[in-house]
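What follows is a single structure, written as structure tokens, with notes after it.
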Amino acid sequence: MKKSFLAIILLSILCACQTEKKIDEKKEYLRWVGDIAQNDQIDKPDFKVCNGNDKILQYFNLGKGPVYNEEKSEILNIFKSHYKPIYDKKENGLIRIRFIVNCEGKAGRFRVLQSDYDYQEKEFDGKIVSQLLNITKEIGNWKIFHKSEIPVDYYMYLIFKIKDGQLTEILP
Amino acid sequence: MRHFSFLILLLISLNSFAQPNCEAYKYYGDTLKYQACKKAMEIKGHYQFSKEYQTVLDESIEIDPTFDYAYWAKSIAYLKSGDFVTWKKLIDKSVELKPKEHLGYRGWCRYQFFRDYKGAIKDIEKLDNLVDYDIGQSQNGTYHLNIAKGLCYRAIGEKEKAIAILEKQIKLNELEEFIGANDYLHLGVLYLETEKFDKAIEVFKKQSEYNELAENQYYLALTYKKLNNMNEYKSCLEKAKELYVGGRKMSDPYSNPMDKIYLDNIENEIKTAYNIGNRYTRL
């Protein structure tokens with residue numbers, strides 16, 4: 001019992017570390033909006049981008065829309081079969097998990113953004129966020145994009161719509 | 001005349017997305033906005049996501065914090081990166097400053113990027129109440145905003161209301177000879193869901209003539225299945241697969257459109273079709 005309590009506390013701390021805070025939209029900008037710098041405290045050290053941080057694209061830059069390794073239906077099935085709803089009337093809103101897919105189709109540098117349905121930042125129950133984060137991290141392969149026949153790195157995200165703790169939609 | 005009025009409507013709908021005419025501010029004596037506008041135009045050549053683009057717009061806002069265009073232009077990168085929190089703060093500011101120009105856009109984005117059906121309905125209806133002209137098209141040009149509103153009503157379960165909205169707008173679109181790429185398909189799916197099968201077949205056939213899609217044949221197949229027309233059911237599924245593999249399917253650069261299907265949906269339905277067929281044969 002003590003062990004599981006400790007595990008929940010640790011998970012919550014981990015999620016808090018990976019959660020973005022949108023305190024002020026005017027800030028020191030990185031190269032591009034939404035860029036994610038490597039943070040050795042939370043990011044796997046063995047995850048590497050292939051072409052350098054300044055060449056990471058967005059998923060839509062190659063004009064193919066949101067593309068998954070298989071079709072989106074597979075992503076939907078993964079979450080449908082692995083996510084265990086935490087029924088709670090207070091758990092409503094949007095959770096975005098943004099990450100980088102490298103030239104080998106591997107994902108890393110996951111970051112979480114959470115809001116209610118009025119787009120105000122909030123924190124969901126840690127068990128909801130940690131499940132979504134862990135399931136996303138478990139997806140082994142993402143689509144490899146090529147530009148001029150060279151495999152590229154790109155940013156991707158998933159947005160989860162949560163109603164009463166249940167997962168109702170996955171975007172994009 | 002018909003084409004002329006369409007042109008006017010198009011210009012109105014594109015108004016909020018065109019570059020502002022800085023000289024107009026000068027002409028009307030709004031020097032501050034003129035300066036903010038001139039500064040904002042320095043974004044030219046910079047990518048929406050870039051530090052340079054965002055910084056120029058911050059400087060424009062510093063010159064005149066009531067210059068709506070700068071907030072709108074800043075918001076786009078946040079929208080496309082899925083940062084709904086920052087996007088909403090910025091787009092709200094532009095809507096607050098010029099509601100007639102930005103409400104329709106915000107409503108559409110709420111639907112397209114975040115499937116915020118109630119929020120989209122609210123924005124589109126508010127715009128409709130504010131203006132006495134046609135509220136225009138979605139940002140990507142795929143839908144009239146009323147069609148988008150109808151799809152939102154459908155998503156929150158108000159299907160009869162959605163049908164009424166789509167029927168009315170499609171009639172107007174037909175008069176203008178400007179049908180949305182998926183209009184008939186969405187109406188057909190609504191008819192199918194409300195068990196108006198004959199009407200569903202009628203509009204799916206119109207969609208075939210106008211813009212054939214794998215989704216259209218798939219839902220037509222499901223309609224024939226409901227009517228126990230097994231030959232047409234199978235034939236439409238085969239066509240759906242052929243179209244899908246050939247790339248004739250719904251798509252969007254940023255999101256997955258409503259009523260989009262995937263290859264495994266078609267293949268699973270084909271398996272079902274042949275299982276049903278075998279069952280009939282054994283009987």
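Chains: A, B, ... in order of the structure tokens. Residues: from 1 per chain. Ligands: from 1, in order shown.
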Please identify all polymer residues within 6 Å of segment 57-63 of chain A, counting only C-alpha atoms, omitting same-chain residues fewer than 5 positions from it, and present them as a ChimeraX atom specification. /A:154-156 /B:253
For chain B, work out the contacting residues on chain A at 8 Å, counting only C-alpha atoms, and write them as number ranges by chain. A: 22, 25-26, 29-34, 58, 60, 63-66, 71-73, 96, 113, 115, 117, 119-121, 157, 159, 171-172
Name all residues at most 12 Å from Ala70 of chain B (count only C-alpha atoms; drop same-chain ones fewer than 5 positions away) and give them as JSON, numbers by chain. {"B": [16, 17, 19, 20, 33, 36, 37, 38, 39, 40, 41, 42, 43, 48, 53, 54, 55, 56, 57, 58, 59, 60, 61, 62, 63, 64, 65, 75, 76, 90, 91, 93, 94, 95, 97, 98]}
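Those residues that approach Lys55 of chain A to within 10 Å, counting only C-alpha atoms, are Arg31, Val49, Cys50, Asn51, Val152, Asp153 and Tyr154 of chain A; same-chain residues fewer than 4 positions away are not listed.
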Save out the residues we just selected, all heavy atoms, as a compact mmCIF listing (two decimals), in the first residue's frame.
# COMPACT_ATOMS: atom_id res chain seq x y z
N ARG A 31 13.90 29.17 -31.09
CA ARG A 31 13.95 29.32 -32.56
C ARG A 31 12.55 29.42 -33.15
O ARG A 31 12.22 30.33 -33.90
CB ARG A 31 14.66 28.09 -33.15
CG ARG A 31 14.66 28.03 -34.66
CD ARG A 31 14.87 26.60 -35.16
NE ARG A 31 13.81 25.70 -34.73
CZ ARG A 31 13.35 24.67 -35.44
NH1 ARG A 31 13.86 24.39 -36.62
NH2 ARG A 31 12.41 23.87 -34.98
N VAL A 49 18.05 13.75 -31.92
CA VAL A 49 17.54 14.19 -33.22
C VAL A 49 18.67 14.02 -34.22
O VAL A 49 19.85 14.14 -33.85
CB VAL A 49 17.00 15.64 -33.19
CG1 VAL A 49 15.78 15.74 -32.31
CG2 VAL A 49 18.06 16.64 -32.74
N CYS A 50 18.31 13.74 -35.45
CA CYS A 50 19.34 13.34 -36.42
C CYS A 50 20.00 14.52 -37.11
O CYS A 50 21.16 14.45 -37.49
CB CYS A 50 18.73 12.43 -37.47
SG CYS A 50 17.80 11.08 -36.73
N ASN A 51 19.21 15.58 -37.32
CA ASN A 51 19.73 16.67 -38.15
C ASN A 51 19.95 17.98 -37.39
O ASN A 51 20.03 19.05 -37.99
CB ASN A 51 18.77 16.91 -39.33
CG ASN A 51 18.56 15.65 -40.14
OD1 ASN A 51 19.52 15.02 -40.59
ND2 ASN A 51 17.32 15.23 -40.29
N VAL A 152 13.80 13.20 -41.92
CA VAL A 152 13.89 14.41 -41.10
C VAL A 152 13.33 14.17 -39.69
O VAL A 152 12.69 13.15 -39.42
CB VAL A 152 13.12 15.58 -41.76
CG1 VAL A 152 13.71 15.94 -43.10
CG2 VAL A 152 11.62 15.26 -41.90
N ASP A 153 13.58 15.14 -38.81
CA ASP A 153 12.99 15.15 -37.46
C ASP A 153 11.82 16.12 -37.50
O ASP A 153 11.88 17.13 -38.20
CB ASP A 153 14.01 15.66 -36.44
CG ASP A 153 15.36 14.95 -36.53
OD1 ASP A 153 15.40 13.72 -36.38
OD2 ASP A 153 16.38 15.64 -36.80
N TYR A 154 10.77 15.82 -36.76
CA TYR A 154 9.64 16.75 -36.73
C TYR A 154 8.89 16.71 -35.40
O TYR A 154 8.97 15.73 -34.67
CB TYR A 154 8.67 16.48 -37.89
CG TYR A 154 8.00 15.12 -37.87
CD1 TYR A 154 6.75 14.92 -37.29
CD2 TYR A 154 8.62 14.02 -38.44
CE1 TYR A 154 6.13 13.68 -37.28
CE2 TYR A 154 8.01 12.76 -38.44
CZ TYR A 154 6.77 12.61 -37.85
OH TYR A 154 6.17 11.37 -37.84
Just the residues within 9 Å of Lys143 of chain A, please, counting only C-alpha atoms, with nothing from its chain fewer than 5 positions along; format it as a list of chain:residue names.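 The residues satisfying every condition are A:Val67, A:Tyr68, A:Asn69, A:Glu70, A:Val101, A:Glu104, A:Gly105, A:Lys106.
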Might you pull out every residue within 7 Å of Leu166 of chain B, with only C-alpha atoms counted and same-chain residues fewer than 5 positions away left off, and present them as a PyMOL selection string? chain B and resi 147+150+187
Please indicate the distance in Å from atom CA of Gln38 of chain A to atom CA of Cys103 of chain A, rounded to one decimal place. 16.6 Å
With DSSP run on the backbone, what are the alpha helix (DSSP H) residues within segment 143-271 of chain B? I'd like them as a PyMOL selection string. chain B and resi 145-155+159-176+183-193+197-211+214-226+230-245+263-271
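Going from atom CA of Asn92 of chain A over to atom CA of Val129 of chain A, you cover 12.1 Å.
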What does the distance from atom CA of Val131 of chain B to atom CA of Lys100 of chain B come to in Å, to one decimal?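 Distance reported for this atom pair: 7.2 Å.
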When DSSP works through the backbone of this structure, what residues of segment 69-108 of chain A end up as strand (DSSP E), shown as JSON, numbers by chain? {"A": [93, 94, 95, 96, 97, 98, 99, 100, 101, 107, 108]}
Which residue gives the smallest distance to Asn53 of chain A among A:Glu74, A:Glu28, A:Glu123, A:Asp35, with only C-alpha atoms counted?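 Closest candidate: A:Asp35.
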